[in-house]
file run03.cif (mmCIF, C-alpha atoms)
data_start
#
loop_
_atom_site.label_atom_id
_atom_site.label_comp_id
_atom_site.auth_asym_id
_atom_site.auth_seq_id
_atom_site.Cartn_x
_atom_site.Cartn_y
_atom_site.Cartn_z
CA MET A 1 102.45 98.51 69.75
CA GLY A 2 101.75 101.57 67.63
CA THR A 3 98.42 103.00 66.55
CA PRO A 4 95.33 100.84 65.96
CA GLU A 5 95.81 101.44 62.23
CA ASP A 6 99.39 100.12 62.43
CA LEU A 7 98.22 97.05 64.35
CA LEU A 8 95.50 96.25 61.82
CA ARG A 9 97.93 96.75 58.95
CA ASP A 10 100.42 94.33 60.53
CA LEU A 11 97.73 91.77 61.34
CA ALA A 12 95.97 91.86 57.95
CA PRO A 13 98.34 89.50 56.06
CA GLN A 14 98.55 87.17 59.08
CA VAL A 15 94.76 86.91 59.30
CA LEU A 16 94.37 86.48 55.54
CA GLY A 17 97.03 83.77 55.57
CA ALA A 18 95.32 81.96 58.44
CA VAL A 19 91.91 82.05 56.77
CA VAL A 20 93.23 80.95 53.38
CA ARG A 21 95.26 78.17 55.01
CA ARG A 22 92.17 76.87 56.82
CA TYR A 23 89.42 77.38 54.25
CA GLY A 24 90.93 78.14 50.84
CA HIS A 25 88.89 80.45 48.57
CA PHE A 26 91.55 83.18 48.22
CA ASP A 27 89.24 85.81 46.74
CA LEU A 28 86.35 85.30 49.18
CA ALA A 29 88.75 85.04 52.11
CA GLU A 30 90.21 88.42 51.21
CA ASP A 31 86.73 89.98 51.17
CA ALA A 32 85.96 88.39 54.54
CA VAL A 33 89.20 89.68 56.08
CA GLN A 34 88.54 93.19 54.78
CA GLU A 35 85.14 93.16 56.47
CA ALA A 36 86.71 91.89 59.70
CA LEU A 37 89.22 94.72 59.61
CA LEU A 38 86.42 97.21 59.04
CA ALA A 39 84.51 95.75 61.99
CA ALA A 40 87.60 96.07 64.18
CA ALA A 41 88.13 99.68 63.13
CA THR A 42 84.59 100.55 64.22
CA GLN A 43 84.12 98.29 67.25
CA TRP A 44 87.49 98.36 69.03
CA PRO A 45 87.48 102.13 69.72
CA ARG A 46 84.01 101.71 71.24
CA ASP A 47 84.28 98.35 73.03
CA GLY A 48 88.03 98.15 73.65
CA ARG A 49 90.74 96.11 72.00
CA PRO A 50 90.38 92.33 72.57
CA ASP A 51 93.05 90.42 74.47
CA ASP A 52 94.01 88.51 71.31
CA PRO A 53 93.35 90.82 68.34
CA ARG A 54 94.55 88.27 65.78
CA ALA A 55 92.22 85.52 67.04
CA TRP A 56 89.32 88.02 67.13
CA LEU A 57 89.94 89.01 63.51
CA VAL A 58 90.28 85.39 62.37
CA THR A 59 87.01 84.44 64.09
CA VAL A 60 85.08 87.34 62.57
CA ALA A 61 86.60 86.72 59.13
CA ALA A 62 85.78 83.00 59.32
CA ARG A 63 82.15 83.78 60.18
CA ARG A 64 81.92 86.25 57.34
CA LEU A 65 83.50 83.77 54.94
CA THR A 66 80.87 81.23 55.93
CA ASP A 67 78.17 83.78 55.11
CA LEU A 68 79.79 84.55 51.76
CA LEU A 69 80.07 80.88 50.87
CA ARG A 70 76.47 80.25 51.82
CA ALA A 71 75.34 83.15 49.68
CA GLU A 72 77.36 81.87 46.77
CA GLN A 73 76.08 78.35 47.22
CA ALA A 74 72.53 79.67 47.24
CA ARG A 75 73.12 81.11 43.80
CA ARG A 76 74.50 77.87 42.46
CA ARG A 77 71.90 75.26 41.72
CA ARG A 78 73.85 72.27 40.68
CA GLU A 79 74.74 69.77 43.35
CA ASP A 80 78.30 69.18 42.16
CA THR A 81 79.11 72.89 42.40
CA VAL A 82 77.71 72.99 45.92
CA ALA A 83 79.90 70.03 46.87
CA ALA A 84 82.97 71.69 45.40
CA ARG A 85 82.38 74.89 47.36
CA ALA A 86 81.86 73.17 50.73
CA LEU A 87 81.24 75.25 53.87
CA PRO A 88 84.21 75.87 56.11
CA GLU A 89 82.88 73.59 58.86
CA ASP A 90 82.92 70.70 56.38
CA ARG A 91 86.65 71.04 55.84
CA LEU A 92 89.17 68.99 57.80
CA SER A 93 92.06 71.22 58.85
CA PRO A 94 93.49 72.77 62.02
CA PRO A 95 91.55 75.78 63.32
CA ALA A 96 92.52 79.05 61.64
CA ASP A 97 93.27 80.75 64.95
CA ARG A 98 95.73 78.04 66.04
CA PRO A 99 99.32 79.31 65.59
CA PRO A 100 100.75 77.54 62.53
CA ALA A 101 104.12 75.83 62.35
CA SER A 102 105.32 78.54 59.94
CA ASP A 103 104.35 82.18 59.69
CA ASP A 104 101.28 82.62 57.48
CA THR A 105 102.52 85.96 56.17
CA LEU A 106 105.61 84.35 54.66
CA VAL A 107 103.45 81.58 53.16
CA LEU A 108 101.17 84.24 51.71
CA LEU A 109 104.16 86.01 50.14
CA PHE A 110 105.26 82.77 48.51
CA LEU A 111 101.71 82.19 47.30
CA CYS A 112 101.48 85.65 45.72
CA CYS A 113 104.82 85.05 44.00
CA HIS A 114 103.75 81.74 42.49
CA PRO A 115 105.88 81.00 39.40
CA SER A 116 102.78 80.63 37.22
CA LEU A 117 102.19 84.40 37.56
CA SER A 118 103.93 87.08 35.52
CA PRO A 119 106.11 89.56 37.46
CA PRO A 120 103.51 92.38 37.08
CA SER A 121 100.80 90.07 38.49
CA GLN A 122 103.08 88.99 41.34
CA VAL A 123 103.72 92.64 42.22
CA ALA A 124 100.03 93.57 42.14
CA LEU A 125 98.88 90.55 44.14
CA THR A 126 101.62 91.02 46.74
CA LEU A 127 100.70 94.67 47.28
CA ARG A 128 97.02 93.76 47.55
CA ALA A 129 97.14 90.65 49.74
CA VAL A 130 100.28 91.20 51.81
CA GLY A 131 100.81 94.95 51.62
CA GLY A 132 97.17 95.75 52.30
CA LEU A 133 96.94 98.43 49.60
CA THR A 134 93.57 98.88 47.96
CA THR A 135 93.14 98.15 44.28
CA ALA A 136 92.66 101.88 43.67
CA GLU A 137 95.95 102.68 45.47
CA ILE A 138 97.87 100.09 43.44
CA ALA A 139 96.34 101.33 40.19
CA ARG A 140 97.22 104.91 41.07
CA ALA A 141 100.78 103.95 41.98
CA PHE A 142 101.35 102.28 38.61
CA MET A 143 99.40 104.82 36.58
CA VAL A 144 96.81 102.41 35.17
CA PRO A 145 93.00 102.55 35.37
CA GLU A 146 91.50 100.91 38.45
CA ALA A 147 89.50 98.57 36.23
CA THR A 148 92.71 97.36 34.59
CA MET A 149 94.31 96.64 37.96
CA THR A 150 91.13 94.92 39.18
CA ARG A 151 91.24 92.55 36.23
CA ARG A 152 94.95 91.89 36.74
CA ILE A 153 94.49 91.01 40.42
CA THR A 154 91.39 88.93 39.73
CA ARG A 155 93.19 86.92 37.06
CA ALA A 156 96.14 86.41 39.40
CA LYS A 157 93.91 85.08 42.18
CA GLN A 158 92.17 82.73 39.77
CA LYS A 159 95.48 81.47 38.44
CA VAL A 160 96.72 80.72 41.96
CA LYS A 161 93.45 78.94 42.71
CA ASP A 162 93.58 76.90 39.51
CA SER A 163 97.17 75.87 40.21
CA GLY A 164 95.97 73.87 43.22
CA VAL A 165 99.12 74.79 45.16
CA PRO A 166 98.66 73.95 48.87
CA PHE A 167 98.85 76.74 51.41
CA ARG A 168 102.22 75.93 52.93
CA LEU A 169 105.83 76.88 52.54
CA PRO A 170 107.43 75.10 49.57
CA GLY A 171 109.82 72.30 50.39
CA PRO A 172 113.58 72.91 50.62
CA ALA A 173 114.19 71.88 47.01
CA GLU A 174 111.67 74.43 45.70
CA ARG A 175 112.12 77.14 48.28
CA ALA A 176 115.29 78.70 46.85
CA GLY A 177 113.69 79.44 43.51
CA ARG A 178 110.47 80.66 45.06
CA LEU A 179 112.33 82.87 47.53
CA GLY A 180 114.12 84.37 44.56
CA ALA A 181 110.74 85.34 43.10
CA VAL A 182 109.66 86.87 46.42
CA LEU A 183 112.82 88.99 46.66
CA HIS A 184 112.56 90.00 42.99
CA VAL A 185 108.98 91.21 43.48
CA LEU A 186 109.99 93.31 46.49
CA TYR A 187 112.92 94.65 44.45
CA LEU A 188 110.57 95.72 41.64
CA ILE A 189 108.18 97.38 44.08
CA PHE A 190 111.03 99.35 45.66
CA ASN A 191 112.49 100.43 42.33
CA GLU A 192 109.14 101.66 41.04
CA GLY A 193 108.75 103.70 44.21
CA TYR A 194 112.29 105.10 44.23
CA ALA A 195 112.49 105.95 40.53
CA SER A 196 108.96 106.17 39.15
CA THR A 197 108.87 105.13 35.54
CA SER A 198 106.18 107.68 34.72
CA GLY A 199 104.09 110.47 36.14
CA PRO A 200 104.63 113.81 37.87
CA ASP A 201 106.69 112.59 40.83
CA LEU A 202 110.27 111.35 40.91
CA HIS A 203 109.50 108.86 43.65
CA ARG A 204 106.50 107.35 45.43
CA ALA A 205 107.30 107.09 49.11
CA GLU A 206 104.38 104.76 49.84
CA LEU A 207 105.84 102.09 47.56
CA THR A 208 109.40 102.32 48.91
CA ALA A 209 108.09 102.23 52.48
CA GLU A 210 105.95 99.18 51.72
CA ALA A 211 108.84 97.36 50.03
CA ILE A 212 111.09 98.04 53.02
CA ARG A 213 108.39 96.87 55.45
CA LEU A 214 107.92 93.60 53.55
CA ALA A 215 111.69 93.11 53.16
CA ARG A 216 112.07 93.54 56.93
CA MET A 217 109.40 90.90 57.39
CA VAL A 218 111.16 88.41 55.11
CA HIS A 219 114.50 89.09 56.81
CA ARG A 220 112.93 88.63 60.24
CA LEU A 221 111.36 85.32 59.21
CA LEU A 222 114.50 84.09 57.39
CA PRO A 223 117.35 85.73 59.32
CA GLU A 224 120.00 83.32 57.99
CA ASP A 225 119.32 84.07 54.31
CA ALA A 226 122.12 86.36 53.12
CA GLU A 227 120.28 87.59 50.02
CA ALA A 228 117.19 88.57 52.02
CA ALA A 229 119.52 90.58 54.27
CA GLY A 230 121.28 92.01 51.22
CA LEU A 231 118.02 93.16 49.66
CA LEU A 232 116.91 94.90 52.85
CA ALA A 233 120.33 96.55 53.11
CA LEU A 234 120.14 97.71 49.48
CA MET A 235 116.72 99.27 50.06
CA LEU A 236 117.81 101.06 53.23
CA LEU A 237 121.07 102.35 51.77
CA THR A 238 119.32 103.60 48.63
CA ASP A 239 116.30 105.12 50.36
CA ALA A 240 118.62 106.89 52.80
CA ARG A 241 119.46 109.35 50.00
CA ARG A 242 115.85 110.13 49.13
CA PRO A 243 115.48 113.26 51.36
CA ALA A 244 118.26 114.99 49.38
CA ARG A 245 117.32 113.69 45.94
CA THR A 246 114.84 116.43 45.05
CA GLY A 247 114.72 120.17 45.69
CA ARG A 248 111.85 122.07 47.20
CA ASP A 249 110.33 122.44 43.75
CA GLY A 250 110.56 118.68 43.13
CA ALA A 251 113.51 119.02 40.74
CA LEU A 252 115.94 116.11 40.54
CA ILE A 253 119.31 116.63 42.27
CA PRO A 254 122.13 114.31 41.10
CA MET A 255 124.00 112.45 43.81
CA ALA A 256 127.16 114.55 43.56
CA GLU A 257 125.15 117.74 44.22
CA GLN A 258 123.12 116.38 47.12
CA ASP A 259 123.42 117.71 50.66
CA ARG A 260 124.73 114.58 52.37
CA THR A 261 123.75 115.89 55.79
CA LEU A 262 120.16 115.22 54.74
CA TRP A 263 120.81 111.52 54.13
CA ASN A 264 119.18 109.18 56.65
CA ALA A 265 122.09 108.23 58.93
CA ALA A 266 120.07 105.55 60.77
CA PHE A 267 119.22 103.78 57.51
CA ILE A 268 122.87 103.96 56.41
CA ALA A 269 124.14 102.49 59.68
CA GLU A 270 121.57 99.70 59.61
CA GLY A 271 122.21 98.94 55.94
CA VAL A 272 125.99 98.82 56.38
CA GLU A 273 125.64 96.48 59.36
CA LEU A 274 123.31 94.18 57.42
CA VAL A 275 125.44 93.96 54.29
CA THR A 276 128.67 93.53 56.26
CA ALA A 277 127.20 90.55 58.11
CA ALA A 278 125.72 89.09 54.92
CA LEU A 279 128.98 89.34 52.97
CA SER A 280 130.78 87.35 55.67
CA ARG A 281 128.64 84.26 54.99
CA GLY A 282 130.24 83.16 51.72
CA THR A 283 129.95 83.92 48.01
CA PRO A 284 127.80 87.08 47.73
CA GLY A 285 124.66 87.21 45.64
CA PRO A 286 123.51 90.14 43.46
CA TYR A 287 121.56 91.94 46.18
CA GLN A 288 124.53 91.83 48.53
CA LEU A 289 126.84 93.17 45.81
CA GLN A 290 124.45 95.99 44.96
CA ALA A 291 124.14 96.80 48.67
CA ALA A 292 127.92 96.92 48.94
CA ILE A 293 128.01 99.42 46.05
CA ALA A 294 125.31 101.53 47.72
CA ALA A 295 127.29 101.44 50.99
CA LEU A 296 130.40 102.79 49.23
CA HIS A 297 128.35 105.72 47.92
CA ASP A 298 126.72 106.39 51.29
CA GLU A 299 129.91 106.19 53.33
CA ALA A 300 131.90 108.51 51.05
CA PRO A 301 132.31 111.89 52.81
CA SER A 302 131.91 113.65 49.44
CA ALA A 303 131.39 112.87 45.78
CA GLU A 304 135.09 113.43 45.10
CA GLU A 305 136.04 110.83 47.72
CA THR A 306 133.83 108.08 46.31
CA ASP A 307 135.81 104.86 45.79
CA TRP A 308 135.00 104.45 42.09
CA PRO A 309 137.65 101.78 41.42
CA GLN A 310 136.10 99.52 44.04
CA ILE A 311 132.60 100.25 42.72
CA THR A 312 133.81 99.34 39.24
CA ALA A 313 135.20 96.04 40.54
CA LEU A 314 131.92 95.22 42.30
CA TYR A 315 129.94 95.89 39.12
CA GLU A 316 132.29 93.53 37.26
CA LEU A 317 131.46 90.83 39.81
CA LEU A 318 127.77 91.54 39.29
CA MET A 319 128.10 91.26 35.53
CA ARG A 320 129.59 87.78 35.78
CA GLY A 321 126.30 86.37 37.01
CA SER A 322 123.82 88.72 35.33
CA GLY A 323 122.80 89.56 31.79
CA ASN A 324 120.92 92.63 33.01
CA PRO A 325 121.86 95.53 30.71
CA MET A 326 121.13 98.04 33.46
CA ILE A 327 123.98 96.54 35.47
CA ALA A 328 126.20 96.99 32.39
CA LEU A 329 125.04 100.61 32.07
CA ASN A 330 125.90 101.32 35.69
CA HIS A 331 129.26 99.62 35.11
CA ALA A 332 129.93 102.02 32.22
CA VAL A 333 129.27 104.96 34.55
CA ALA A 334 131.67 103.53 37.12
CA VAL A 335 134.33 102.92 34.45
CA ALA A 336 133.97 106.52 33.25
CA MET A 337 134.32 107.87 36.79
CA SER A 338 137.39 105.76 37.54
CA ARG A 339 139.15 105.62 34.14
CA GLY A 340 137.85 108.63 32.22
CA PRO A 341 134.84 109.46 30.00
CA ARG A 342 136.27 107.90 26.82
CA ALA A 343 136.54 104.49 28.53
CA GLY A 344 132.90 104.82 29.59
CA LEU A 345 131.77 105.84 26.10
CA ASP A 346 133.50 102.78 24.67
CA ARG A 347 131.42 100.65 27.04
CA LEU A 348 128.24 102.43 25.98
CA ASP A 349 128.94 101.68 22.33
CA ARG A 350 128.85 97.98 23.18
CA LEU A 351 125.42 98.38 24.81
CA ALA A 352 123.80 100.35 21.98
CA GLY A 353 122.69 97.19 20.16
CA ASP A 354 120.87 95.68 23.16
CA ASP A 355 117.15 95.90 22.37
CA ARG A 356 116.27 95.92 26.08
CA LEU A 357 118.23 99.14 26.55
CA SER A 358 118.31 100.87 23.17
CA GLY A 359 115.03 102.72 23.78
CA ASP A 360 115.66 103.53 27.43
CA HIS A 361 116.25 107.20 28.25
CA ARG A 362 118.99 106.31 30.74
CA LEU A 363 121.31 105.11 27.97
CA TYR A 364 121.07 108.54 26.29
CA ALA A 365 121.36 110.39 29.62
CA VAL A 366 124.60 108.59 30.44
CA ARG A 367 125.93 109.19 26.94
CA ALA A 368 125.08 112.88 27.22
CA HIS A 369 126.90 113.23 30.50
CA LEU A 370 130.01 111.41 29.29
CA LEU A 371 130.10 113.43 26.08
CA GLU A 372 129.86 116.59 28.18
CA ARG A 373 132.75 115.43 30.35
CA SER A 374 134.82 114.62 27.27
CA GLY A 375 134.28 118.15 25.88
CA ASP A 376 131.75 117.34 23.12
CA HIS A 377 129.11 119.77 24.32
CA GLU A 378 127.10 119.82 21.08
CA GLY A 379 126.86 116.04 21.08
CA ALA A 380 125.98 116.13 24.76
CA ARG A 381 123.18 118.66 24.21
CA ALA A 382 121.62 116.49 21.49
CA ALA A 383 121.87 113.39 23.67
CA TYR A 384 120.23 115.20 26.62
CA GLU A 385 117.33 116.22 24.37
CA GLU A 386 117.03 112.64 23.08
CA ALA A 387 116.99 111.33 26.65
CA ALA A 388 114.31 113.85 27.65
CA ALA A 389 112.15 112.82 24.69
CA ARG A 390 112.31 109.18 25.83
CA ALA A 391 111.83 109.75 29.58
CA MET A 392 108.31 109.25 30.95
CA SER A 393 108.91 110.79 34.38
CA LEU A 394 108.22 114.53 34.38
CA PRO A 395 110.99 115.43 36.89
CA GLN A 396 113.50 113.50 34.78
CA GLN A 397 112.29 115.28 31.63
CA ARG A 398 112.70 118.67 33.29
CA TYR A 399 116.17 117.80 34.56
CA LEU A 400 117.36 116.58 31.14
CA HIS A 401 115.90 119.58 29.30
CA ALA A 402 117.60 121.87 31.82
CA ARG A 403 120.97 120.24 31.20
CA ALA A 404 120.54 120.66 27.45
CA ALA A 405 119.45 124.29 27.84
CA ARG A 406 122.47 125.07 30.02
CA LEU A 407 124.85 123.70 27.40
CA GLU A 408 123.13 125.70 24.68
CA ALA A 409 123.35 128.87 26.76
CA GLU A 410 127.04 128.28 27.45
CA ALA A 411 127.70 127.77 23.75
CA ARG A 412 126.28 131.22 23.03
CA ALA A 413 128.04 132.94 25.93
CA PRO A 414 131.64 134.20 25.68
CA GLY A 415 134.37 132.58 27.70
CA PRO A 416 135.32 128.97 28.48
CA PRO A 417 132.54 126.50 29.32
CA GLN A 418 131.92 125.51 32.92
CA GLN A 419 133.57 122.31 34.05
CA ASP A 420 131.10 119.64 35.09
CA ARG A 421 132.06 116.74 37.29
CA LEU A 422 128.63 115.33 38.09
CA GLU A 423 127.68 111.74 37.47
CA PRO A 424 124.20 111.09 36.03
CA ASP A 425 121.35 110.11 38.31
CA VAL A 426 121.27 106.39 37.47
CA PRO A 427 120.46 104.55 40.72
CA GLU A 428 122.37 101.34 41.32
CA GLY A 429 120.29 98.21 40.84
CA ASP A 430 117.42 99.51 38.77
CA ALA A 431 114.87 96.92 37.78
CA ASP A 432 115.66 94.77 34.78
CA PRO A 433 114.21 96.66 31.78
CA ALA A 434 113.36 93.30 30.24
CA GLN A 435 110.92 92.72 33.11
CA PRO A 436 109.46 96.12 33.98
CA PRO A 437 107.03 96.68 36.84
CA PRO A 438 103.39 96.97 35.79
#

call {"tool": "encode", "arguments": {"input": "run03.cif", "output": "structure tokens"}}
result
Amino acid sequence: MGTPEDLLRDLAPQVLGAVVRRYGHFDLAEDAVQEALLAAATQWPRDGRPDDPRAWLVTVAARRLTDLLRAEQARRRREDTVAARALPEDRLSPPADRPPASDDTLVLLFLCCHPSLSPPSQVALTLRAVGGLTTAEIARAFMVPEATMTRRITRAKQKVKDSGVPFRLPGPAERAGRLGAVLHVLYLIFNEGYASTSGPDLHRAELTAEAIRLARMVHRLLPEDAEAAGLLALMLLTDARRPARTGRDGALIPMAEQDRTLWNAAFIAEGVELVTAALSRGTPGPYQLQAAIAALHDEAPSAEETDWPQITALYELLMRGSGNPMIALNHAVAVAMSRGPRAGLDRLDRLAGDDRLSGDHRLYAVRAHLLERSGDHEGARAAYEEAAARAMSLPQQRYLHARAARLEAEARAPGPPQQDRLEPDVPEGDADPAQPPP
């Protein structure tokens, strides 16, 4: 069953979902559940774990919510406000500790990803209500002041409350679109953890781990959904490379230079099995295609043996259903690796006018690498410096400056320049730059 901390972490979204389903009052219910979890953390080690921990937590949270509502009602003098904020016992609904027809955690995920919320608000609310991260942890992960994140989460809760959406899974007609929002939010969380957009660290393991945990939950609750399986596979296959992605000093190591014996073999095996099964169910969606690309990278014995023509073909399938310029950028890399740097540079020229990508450091990093491969080392050095100036992640800045410095040193040294065969570190499936994480 794991440690008591693991149990409480797993139960937290279930208990919150049960209490919100029964009583409403999202914000007060969250406070009540947090107090119930605190009570469990202090009482269970002393008194022993109850036979039904979930029911115990729901009961304690419900009692605390009643206290909170009474306190709030005492502060409100007008009779109509008191009637609107009725006590839990005045509500007509099944008991919160009765097992619901559908899993409350999944309902809570759908609620946090309500279409009335912006993607940054969906991400923040999901991490807070379902992931169990504190507001301070979320603010620290996204490099914003805690007060800013508090306001964002508070506004999101209020918006969900004002929408009047019932606490239940959306009907079949609405579910597909809402599930898409859920998967997109988990995708954004993972990408921000795997390739931090700013700050001193290249990745934030707590965010990637949380995204994988939530993706496992969605896949477990919806095992027949091929895109949910594809997203989980993509996360596992990508995160499998994380142990080899940085050196001991935190410096970025491009994929072609990584020690593949450090890659997580269990994650690769699980991811390949998931995506293989998902692809057999019909026309693949974007997460399945990206997972298939990641599987080709992970299963290649070496960088030289990577099946770039097949990766190029998969990116072309992705581009048919997506206007995401990051997919087009990754396609340009694949074209360069399979057909030569000039073909890739021609693709980059077509992307230069896209406002969503024109200011992104990755466009200049790819250009620098392809110029270097084509023999234009002066142009490559300038492009590396331009990419470094635009990058917000310190490890990426150091890596790009180092590449530029190496080219400058080679230009001053006698003899032929070193041949470089390394592809740039542009992870497949980066978040859409038009909708960045918060």

call {"tool": "residues_around", "arguments": {"input": "run03.cif", "residues": "range 115-123 of chain A", "least_positions_apart": "6", "cutoff": "10 Å", "atoms": "all atoms listed in the file", "output": "PDB file with C-alpha atoms, keeping the file's coordinate frame"}}
result
ATOM      1  CA  LEU A 109     104.160  86.010  50.140  1.00  0.00           C
ATOM      2  CA  ILE A 138      97.870 100.090  43.440  1.00  0.00           C
ATOM      3  CA  MET A 149      94.310  96.640  37.960  1.00  0.00           C
ATOM      4  CA  ARG A 152      94.950  91.890  36.740  1.00  0.00           C
ATOM      5  CA  ILE A 153      94.490  91.010  40.420  1.00  0.00           C
ATOM      6  CA  THR A 154      91.390  88.930  39.730  1.00  0.00           C
ATOM      7  CA  ARG A 155      93.190  86.920  37.060  1.00  0.00           C
ATOM      8  CA  ALA A 156      96.140  86.410  39.400  1.00  0.00           C
ATOM      9  CA  LYS A 157      93.910  85.080  42.180  1.00  0.00           C
ATOM     10  CA  LYS A 159      95.480  81.470  38.440  1.00  0.00           C
ATOM     11  CA  VAL A 160      96.720  80.720  41.960  1.00  0.00           C
ATOM     12  CA  SER A 163      97.170  75.870  40.210  1.00  0.00           C
ATOM     13  CA  GLY A 177     113.690  79.440  43.510  1.00  0.00           C
ATOM     14  CA  ARG A 178     110.470  80.660  45.060  1.00  0.00           C
ATOM     15  CA  ALA A 181     110.740  85.340  43.100  1.00  0.00           C
ATOM     16  CA  VAL A 182     109.660  86.870  46.420  1.00  0.00           C
ATOM     17  CA  HIS A 184     112.560  90.000  42.990  1.00  0.00           C
ATOM     18  CA  VAL A 185     108.980  91.210  43.480  1.00  0.00           C
ATOM     19  CA  LEU A 186     109.990  93.310  46.490  1.00  0.00           C
ATOM     20  CA  TYR A 187     112.920  94.650  44.450  1.00  0.00           C
ATOM     21  CA  LEU A 188     110.570  95.720  41.640  1.00  0.00           C
ATOM     22  CA  ILE A 189     108.180  97.380  44.080  1.00  0.00           C
ATOM     23  CA  GLN A 435     110.920  92.720  33.110  1.00  0.00           C
ATOM     24  CA  PRO A 436     109.460  96.120  33.980  1.00  0.00           C
ATOM     25  CA  PRO A 437     107.030  96.680  36.840  1.00  0.00           C
ATOM     26  CA  PRO A 438     103.390  96.970  35.790  1.00  0.00           C
TER      27      PRO A 438
END

call {"tool": "atom_distance", "arguments": {"input": "run03.cif", "atom1": "CA of Leu106 in chain A", "atom2": "CA of Val218 in chain A"}}
result
6.9 Å

call {"tool": "residues_around", "arguments": {"input": "run03.cif", "residues": "Ala380 in chain A", "least_positions_apart": "2", "cutoff": "12 Å", "atoms": "only C-alpha atoms", "output": "number ranges by chain"}}
result
A: 345, 364-378, 382-387, 400-401, 403-408, 411

call {"tool": "resolve_selection", "arguments": {"input": "run03.cif", "expression": "the PyMOL selection byres ((chain A and resi 208) around 9)", "output": "list in words"}}
result
Ile189, Phe190, Asn191, Glu192, Gly193, Tyr194, His203, Arg204, Ala205, Glu206, Leu207, Ala209, Glu210, Ala211, Ile212, Arg213, Met235 and Asp239 of chain A

call {"tool": "residues_around", "arguments": {"input": "run03.cif", "residues": "range 57-63 of chain A", "least_positions_apart": "4", "cutoff": "8 Å", "atoms": "only C-alpha atoms", "output": "count of residues only"}}
result
15

call {"tool": "residues_near_point", "arguments": {"input": "run03.cif", "point": "(130.1, 110.7, 49.9)", "cutoff": "10 Å", "atoms": "all atoms listed in the file", "output": "number ranges by chain"}}
result
A: 255-256, 258-260, 295-307

call {"tool": "residues_around", "arguments": {"input": "run03.cif", "residues": "Ala292 in chain A", "least_positions_apart": "5", "cutoff": "9 Å", "atoms": "all atoms listed in the file", "output": "list in words"}}
result
Gly230, Ala233, Leu234, Val272, Val275, Thr276, Leu279, Tyr287, His297, Ile311 and Leu314 of chain A

call {"tool": "atom_distance", "arguments": {"input": "run03.cif", "atom1": "CA of Arg342 in chain A", "atom2": "CA of Gln397 in chain A"}}
result
25.5 Å

call {"tool": "atom_distance", "arguments": {"input": "run03.cif", "atom1": "CA of Leu318 in chain A", "atom2": "CA of Ala229 in chain A"}}
result
17.1 Å
